[in-house]
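**Student:** Contents of coords_6.pdb (PDB, C-alpha atoms):
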```pdb
ATOM      1  CA  MET A   1      -2.339 -65.193 -28.549  1.00  0.00           C
ATOM      2  CA  THR A   2      -4.292 -62.116 -27.583  1.00  0.00           C
ATOM      3  CA  THR A   3      -5.758 -62.152 -24.084  1.00  0.00           C
ATOM      4  CA  SER A   4      -9.371 -61.499 -23.183  1.00  0.00           C
ATOM      5  CA  THR A   5     -11.437 -60.823 -20.125  1.00  0.00           C
ATOM      6  CA  ALA A   6     -12.963 -63.935 -18.617  1.00  0.00           C
ATOM      7  CA  GLY A   7     -15.390 -65.638 -20.960  1.00  0.00           C
ATOM      8  CA  GLN A   8     -15.129 -63.033 -23.700  1.00  0.00           C
ATOM      9  CA  PRO A   9     -13.938 -63.788 -27.245  1.00  0.00           C
ATOM     10  CA  LEU A  10     -10.429 -62.589 -28.035  1.00  0.00           C
ATOM     11  CA  ILE A  11     -11.671 -60.851 -31.191  1.00  0.00           C
ATOM     12  CA  PRO A  12     -15.017 -60.403 -32.928  1.00  0.00           C
ATOM     13  CA  GLN A  13     -15.917 -63.109 -35.434  1.00  0.00           C
ATOM     14  CA  PRO A  14     -14.556 -61.864 -38.758  1.00  0.00           C
ATOM     15  CA  PRO A  15     -16.419 -62.041 -42.059  1.00  0.00           C
ATOM     16  CA  ALA A  16     -16.019 -65.354 -43.881  1.00  0.00           C
ATOM     17  CA  THR A  17     -13.473 -64.071 -46.385  1.00  0.00           C
ATOM     18  CA  VAL A  18      -9.953 -65.316 -46.955  1.00  0.00           C
ATOM     19  CA  ALA A  19      -8.393 -61.940 -46.068  1.00  0.00           C
ATOM     20  CA  ALA A  20     -10.398 -61.494 -42.870  1.00  0.00           C
ATOM     21  CA  LEU A  21      -9.801 -65.080 -41.751  1.00  0.00           C
ATOM     22  CA  ARG A  22      -6.067 -64.789 -42.465  1.00  0.00           C
ATOM     23  CA  GLN A  23      -5.902 -61.656 -40.294  1.00  0.00           C
ATOM     24  CA  ALA A  24      -7.846 -63.363 -37.502  1.00  0.00           C
ATOM     25  CA  VAL A  25      -5.562 -66.407 -37.580  1.00  0.00           C
ATOM     26  CA  ARG A  26      -2.556 -64.072 -37.515  1.00  0.00           C
ATOM     27  CA  GLN A  27      -3.976 -62.411 -34.384  1.00  0.00           C
ATOM     28  CA  ILE A  28      -5.157 -65.381 -32.348  1.00  0.00           C
ATOM     29  CA  THR A  29      -3.092 -68.385 -33.499  1.00  0.00           C
ATOM     30  CA  PRO A  30      -0.118 -67.204 -35.552  1.00  0.00           C
ATOM     31  CA  ALA A  31       1.420 -70.687 -35.454  1.00  0.00           C
ATOM     32  CA  ALA A  32      -1.495 -71.865 -37.647  1.00  0.00           C
ATOM     33  CA  LEU A  33      -0.659 -69.461 -40.495  1.00  0.00           C
ATOM     34  CA  PRO A  34       1.481 -71.978 -42.420  1.00  0.00           C
ATOM     35  CA  ALA A  35      -1.381 -74.512 -42.355  1.00  0.00           C
ATOM     36  CA  PHE A  36      -3.835 -71.804 -43.412  1.00  0.00           C
ATOM     37  CA  THR A  37      -1.646 -70.840 -46.373  1.00  0.00           C
ATOM     38  CA  ARG A  38      -0.955 -74.445 -47.381  1.00  0.00           C
ATOM     39  CA  GLU A  39      -4.629 -75.381 -47.248  1.00  0.00           C
ATOM     40  CA  LEU A  40      -5.632 -72.226 -49.139  1.00  0.00           C
ATOM     41  CA  ASP A  41      -3.154 -73.072 -51.897  1.00  0.00           C
ATOM     42  CA  GLN A  42      -4.513 -76.630 -52.081  1.00  0.00           C
ATOM     43  CA  ALA A  43      -8.123 -75.429 -52.219  1.00  0.00           C
ATOM     44  CA  ALA A  44      -7.293 -72.889 -54.921  1.00  0.00           C
ATOM     45  CA  ASP A  45      -5.492 -75.547 -56.978  1.00  0.00           C
ATOM     46  CA  GLN A  46      -8.405 -77.975 -56.628  1.00  0.00           C
ATOM     47  CA  SER A  47     -10.859 -75.245 -57.607  1.00  0.00           C
ATOM     48  CA  ARG A  48      -8.841 -74.364 -60.702  1.00  0.00           C
ATOM     49  CA  GLN A  49      -8.384 -77.981 -61.758  1.00  0.00           C
ATOM     50  CA  GLY A  50     -12.048 -78.833 -61.352  1.00  0.00           C
ATOM     51  CA  SER A  51     -13.491 -75.457 -62.368  1.00  0.00           C
ATOM     52  CA  ASP A  52     -15.462 -75.692 -59.126  1.00  0.00           C
ATOM     53  CA  LEU A  53     -15.656 -73.294 -56.181  1.00  0.00           C
ATOM     54  CA  ALA A  54     -16.557 -76.038 -53.687  1.00  0.00           C
ATOM     55  CA  PRO A  55     -12.964 -76.564 -52.445  1.00  0.00           C
ATOM     56  CA  LEU A  56     -12.623 -72.841 -51.690  1.00  0.00           C
ATOM     57  CA  GLN A  57     -16.038 -72.765 -50.041  1.00  0.00           C
ATOM     58  CA  ARG A  58     -15.058 -75.714 -47.824  1.00  0.00           C
ATOM     59  CA  PHE A  59     -11.783 -73.980 -46.971  1.00  0.00           C
ATOM     60  CA  VAL A  60     -13.594 -70.803 -45.896  1.00  0.00           C
ATOM     61  CA  ALA A  61     -16.169 -72.768 -43.876  1.00  0.00           C
ATOM     62  CA  GLN A  62     -13.452 -74.809 -42.132  1.00  0.00           C
ATOM     63  CA  TRP A  63     -11.338 -71.789 -41.224  1.00  0.00           C
ATOM     64  CA  ALA A  64     -14.305 -69.644 -40.195  1.00  0.00           C
ATOM     65  CA  ALA A  65     -15.286 -72.416 -37.763  1.00  0.00           C
ATOM     66  CA  TYR A  66     -11.653 -72.716 -36.604  1.00  0.00           C
ATOM     67  CA  VAL A  67     -11.516 -68.986 -35.875  1.00  0.00           C
ATOM     68  CA  TYR A  68     -14.896 -69.132 -34.123  1.00  0.00           C
ATOM     69  CA  ILE A  69     -13.515 -71.770 -31.761  1.00  0.00           C
ATOM     70  CA  GLN A  70     -10.001 -70.392 -31.279  1.00  0.00           C
ATOM     71  CA  ARG A  71     -11.161 -66.865 -30.483  1.00  0.00           C
ATOM     72  CA  GLN A  72     -12.923 -68.323 -27.411  1.00  0.00           C
ATOM     73  CA  PRO A  73     -10.206 -69.704 -25.120  1.00  0.00           C
ATOM     74  CA  ASP A  74     -12.589 -71.814 -23.018  1.00  0.00           C
ATOM     75  CA  LEU A  75     -14.169 -73.431 -26.074  1.00  0.00           C
ATOM     76  CA  ALA A  76     -10.749 -73.997 -27.658  1.00  0.00           C
ATOM     77  CA  ALA A  77      -9.536 -75.639 -24.439  1.00  0.00           C
ATOM     78  CA  ASP A  78     -12.621 -77.891 -24.358  1.00  0.00           C
ATOM     79  CA  LEU A  79     -12.008 -78.966 -27.952  1.00  0.00           C
ATOM     80  CA  HIS A  80      -8.357 -79.674 -27.193  1.00  0.00           C
ATOM     81  CA  ASP A  81      -9.310 -81.746 -24.138  1.00  0.00           C
ATOM     82  CA  TRP A  82     -11.792 -83.815 -26.174  1.00  0.00           C
ATOM     83  CA  GLU A  83      -9.211 -84.329 -28.911  1.00  0.00           C
ATOM     84  CA  GLU A  84      -6.727 -85.624 -26.334  1.00  0.00           C
ATOM     85  CA  ARG A  85      -9.353 -87.978 -24.901  1.00  0.00           C
ATOM     86  CA  ALA A  86     -10.122 -89.251 -28.393  1.00  0.00           C
ATOM     87  CA  ALA A  87      -6.453 -90.004 -28.967  1.00  0.00           C
ATOM     88  CA  ALA A  88      -5.829 -91.748 -25.662  1.00  0.00           C
ATOM     89  CA  GLY A  89      -9.090 -93.337 -24.582  1.00  0.00           C
ATOM     90  CA  ASP A  90     -10.718 -96.714 -24.871  1.00  0.00           C
ATOM     91  CA  ALA A  91     -13.499 -97.294 -27.403  1.00  0.00           C
ATOM     92  CA  ALA A  92     -16.242 -95.812 -25.209  1.00  0.00           C
ATOM     93  CA  GLN A  93     -14.166 -92.721 -24.420  1.00  0.00           C
ATOM     94  CA  VAL A  94     -13.310 -92.282 -28.093  1.00  0.00           C
ATOM     95  CA  ARG A  95     -17.014 -92.426 -29.043  1.00  0.00           C
ATOM     96  CA  GLU A  96     -17.901 -89.879 -26.359  1.00  0.00           C
ATOM     97  CA  ALA A  97     -15.042 -87.611 -27.415  1.00  0.00           C
ATOM     98  CA  ALA A  98     -16.002 -87.868 -31.084  1.00  0.00           C
ATOM     99  CA  SER A  99     -19.569 -86.933 -30.206  1.00  0.00           C
ATOM    100  CA  GLU A 100     -18.463 -83.896 -28.198  1.00  0.00           C
ATOM    101  CA  ILE A 101     -16.021 -82.799 -30.902  1.00  0.00           C
ATOM    102  CA  GLY A 102     -18.843 -83.071 -33.417  1.00  0.00           C
ATOM    103  CA  ARG A 103     -21.090 -80.926 -31.234  1.00  0.00           C
ATOM    104  CA  ILE A 104     -18.425 -78.229 -30.932  1.00  0.00           C
ATOM    105  CA  LEU A 105     -17.808 -78.232 -34.686  1.00  0.00           C
ATOM    106  CA  ASP A 106     -21.538 -78.197 -35.463  1.00  0.00           C
ATOM    107  CA  ARG A 107     -21.986 -75.250 -33.102  1.00  0.00           C
ATOM    108  CA  ALA A 108     -19.118 -73.398 -34.758  1.00  0.00           C
ATOM    109  CA  HIS A 109     -20.427 -73.997 -38.286  1.00  0.00           C
ATOM    110  CA  ALA A 110     -23.931 -72.927 -37.272  1.00  0.00           C
ATOM    111  CA  ALA A 111     -22.597 -69.797 -35.567  1.00  0.00           C
ATOM    112  CA  VAL A 112     -20.702 -68.646 -38.644  1.00  0.00           C
ATOM    113  CA  GLY A 113     -23.694 -69.427 -40.853  1.00  0.00           C
ATOM    114  CA  LEU A 114     -21.864 -71.731 -43.237  1.00  0.00           C
ATOM    115  CA  ASN A 115     -22.864 -75.238 -44.191  1.00  0.00           C
ATOM    116  CA  ARG A 116     -20.588 -78.021 -43.115  1.00  0.00           C
ATOM    117  CA  ARG A 117     -19.551 -80.158 -46.081  1.00  0.00           C
TER     118      ARG A 117
END
```
Take the structure in the file and write it out as structure tokens.
**Tutor:**
Amino acid sequence: MTTSTAGQPLIPQPPATVAALRQAVRQITPAALPAFTRELDQAADQSRQGSDLAPLQRFVAQWAAYVYIQRQPDLAADLHDWEERAAAGDAAQVREAASEIGRILDRAHAAVGLNRR
């Protein structure tokens, strides 16, 4: 992963295109490239089968939000911490973690200007 100065994003937020998102994932979280490619293939197949762009639009929205979060190490660490709490907590902790995860994801989707579906 690329390093940044304290509190600064690792890279600028890329445009919400497959090529730009792929490059961003390659830069900041190269281990996620296989998932990116697999999910892109699935979205493309679903779009072809249903003659509908919605699966590709959801893919772009999901990965644009992912990049938004991962390019900010502090935000990515917060998300990871909440995900761990959700996996290991009691019912109250799981509800709190789910709420915080939702807030982070909502913030990311709003920041990239794409609707969450």
**Student:** Here's the selection I'm unsure about, the PyMOL selection byres ((chain A and resi 105) around 10); applied to the file above, which residues does it give, as a PDB file with C-alpha atoms, keeping the file's coordinate frame?
**Tutor:**
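Once everything was written out, this is out06.pdb:
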```pdb
ATOM      1  CA  GLN A  62     -13.452 -74.809 -42.132  1.00  0.00           C
ATOM      2  CA  ALA A  65     -15.286 -72.416 -37.763  1.00  0.00           C
ATOM      3  CA  TYR A  66     -11.653 -72.716 -36.604  1.00  0.00           C
ATOM      4  CA  TYR A  68     -14.896 -69.132 -34.123  1.00  0.00           C
ATOM      5  CA  ILE A  69     -13.515 -71.770 -31.761  1.00  0.00           C
ATOM      6  CA  LEU A  79     -12.008 -78.966 -27.952  1.00  0.00           C
ATOM      7  CA  SER A  99     -19.569 -86.933 -30.206  1.00  0.00           C
ATOM      8  CA  GLU A 100     -18.463 -83.896 -28.198  1.00  0.00           C
ATOM      9  CA  ILE A 101     -16.021 -82.799 -30.902  1.00  0.00           C
ATOM     10  CA  GLY A 102     -18.843 -83.071 -33.417  1.00  0.00           C
ATOM     11  CA  ARG A 103     -21.090 -80.926 -31.234  1.00  0.00           C
ATOM     12  CA  ILE A 104     -18.425 -78.229 -30.932  1.00  0.00           C
ATOM     13  CA  ASP A 106     -21.538 -78.197 -35.463  1.00  0.00           C
ATOM     14  CA  ARG A 107     -21.986 -75.250 -33.102  1.00  0.00           C
ATOM     15  CA  ALA A 108     -19.118 -73.398 -34.758  1.00  0.00           C
ATOM     16  CA  HIS A 109     -20.427 -73.997 -38.286  1.00  0.00           C
ATOM     17  CA  ALA A 110     -23.931 -72.927 -37.272  1.00  0.00           C
ATOM     18  CA  ALA A 111     -22.597 -69.797 -35.567  1.00  0.00           C
ATOM     19  CA  ARG A 116     -20.588 -78.021 -43.115  1.00  0.00           C
TER      20      ARG A 116
END
```
**Student:** Just checking: using all atoms listed in the file, which residue out of A:Arg85, A:Arg71, A:Leu114, A:Ala97 ends up closest to A:Arg26?
**Tutor:**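 For A:Arg26, the nearest of the candidates is A:Arg71.
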**Student:** Output as AutoDock Vina command-line options the centre and edge lengths (Å, one decimal) of the box along x, y and z of the file that holds every listed atom of stretch 47-56 of chain A after adding 5 Å on each side.
**Tutor:**
```
--center_x -12.5 --center_y -75.8 --center_z -57.0 --size_x 18.2 --size_y 16.0 --size_z 20.7
```
**Student:** Show which residues sit within 10 Å of stretch 42-58 of chain A, as a compact mmCIF listing (two decimals) with C-alpha atoms, in the coordinates of the input. Count all atoms listed in the file, and ignore same-chain residues fewer than 2 positions away.
**Tutor:**
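around.txt written:
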```
# COMPACT_ATOMS: atom_id res chain seq x y z
CA ALA A 16 -16.02 -65.35 -43.88
CA THR A 17 -13.47 -64.07 -46.38
CA VAL A 18 -9.95 -65.32 -46.96
CA PHE A 36 -3.84 -71.80 -43.41
CA THR A 37 -1.65 -70.84 -46.37
CA ARG A 38 -0.96 -74.44 -47.38
CA GLU A 39 -4.63 -75.38 -47.25
CA LEU A 40 -5.63 -72.23 -49.14
CA VAL A 60 -13.59 -70.80 -45.90
CA ALA A 61 -16.17 -72.77 -43.88
CA GLN A 62 -13.45 -74.81 -42.13
CA TRP A 63 -11.34 -71.79 -41.22
CA ALA A 64 -14.30 -69.64 -40.20
CA LEU A 114 -21.86 -71.73 -43.24
CA ASN A 115 -22.86 -75.24 -44.19
CA ARG A 116 -20.59 -78.02 -43.12
CA ARG A 117 -19.55 -80.16 -46.08
```
**Student:** Can you take stretch 89-101 of chain A from the block and write N, CA, C and O atoms as a compact mmCIF listing (two decimals), in the first residue's frame?
**Tutor:**
```
# COMPACT_ATOMS: atom_id res chain seq x y z
N GLY A 89 -18.77 -9.61 18.71
CA GLY A 89 -19.47 -9.01 19.83
C GLY A 89 -20.76 -9.69 20.19
O GLY A 89 -21.24 -10.61 19.51
N ASP A 90 -21.35 -9.21 21.28
CA ASP A 90 -22.69 -9.67 21.66
C ASP A 90 -23.70 -8.90 20.81
O ASP A 90 -23.33 -8.07 19.97
N ALA A 91 -24.97 -9.15 21.02
CA ALA A 91 -26.00 -8.55 20.18
C ALA A 91 -25.95 -7.02 20.18
O ALA A 91 -26.07 -6.39 19.12
N ALA A 92 -25.74 -6.41 21.31
CA ALA A 92 -25.69 -4.95 21.39
C ALA A 92 -24.48 -4.41 20.64
O ALA A 92 -24.57 -3.41 19.93
N GLN A 93 -23.34 -5.08 20.80
CA GLN A 93 -22.13 -4.65 20.09
C GLN A 93 -22.28 -4.83 18.58
O GLN A 93 -21.81 -3.99 17.81
N VAL A 94 -22.92 -5.90 18.18
CA VAL A 94 -23.15 -6.15 16.75
C VAL A 94 -24.05 -5.06 16.17
O VAL A 94 -23.78 -4.54 15.07
N ARG A 95 -25.10 -4.67 16.88
CA ARG A 95 -25.99 -3.60 16.40
C ARG A 95 -25.23 -2.28 16.28
O ARG A 95 -25.37 -1.56 15.29
N GLU A 96 -24.43 -1.96 17.28
CA GLU A 96 -23.64 -0.72 17.24
C GLU A 96 -22.66 -0.76 16.07
O GLU A 96 -22.52 0.21 15.33
N ALA A 97 -21.98 -1.89 15.91
CA ALA A 97 -21.01 -2.03 14.82
C ALA A 97 -21.70 -1.91 13.46
O ALA A 97 -21.20 -1.23 12.56
N ALA A 98 -22.84 -2.55 13.32
CA ALA A 98 -23.58 -2.48 12.05
C ALA A 98 -23.98 -1.05 11.74
O ALA A 98 -23.89 -0.60 10.59
N SER A 99 -24.39 -0.32 12.76
CA SER A 99 -24.76 1.08 12.57
C SER A 99 -23.56 1.91 12.13
O SER A 99 -23.65 2.73 11.20
N GLU A 100 -22.42 1.70 12.75
CA GLU A 100 -21.22 2.47 12.39
C GLU A 100 -20.71 2.08 11.00
O GLU A 100 -20.28 2.95 10.23
N ILE A 101 -20.77 0.81 10.68
CA ILE A 101 -20.38 0.37 9.33
C ILE A 101 -21.30 1.02 8.30
O ILE A 101 -20.83 1.52 7.28
```
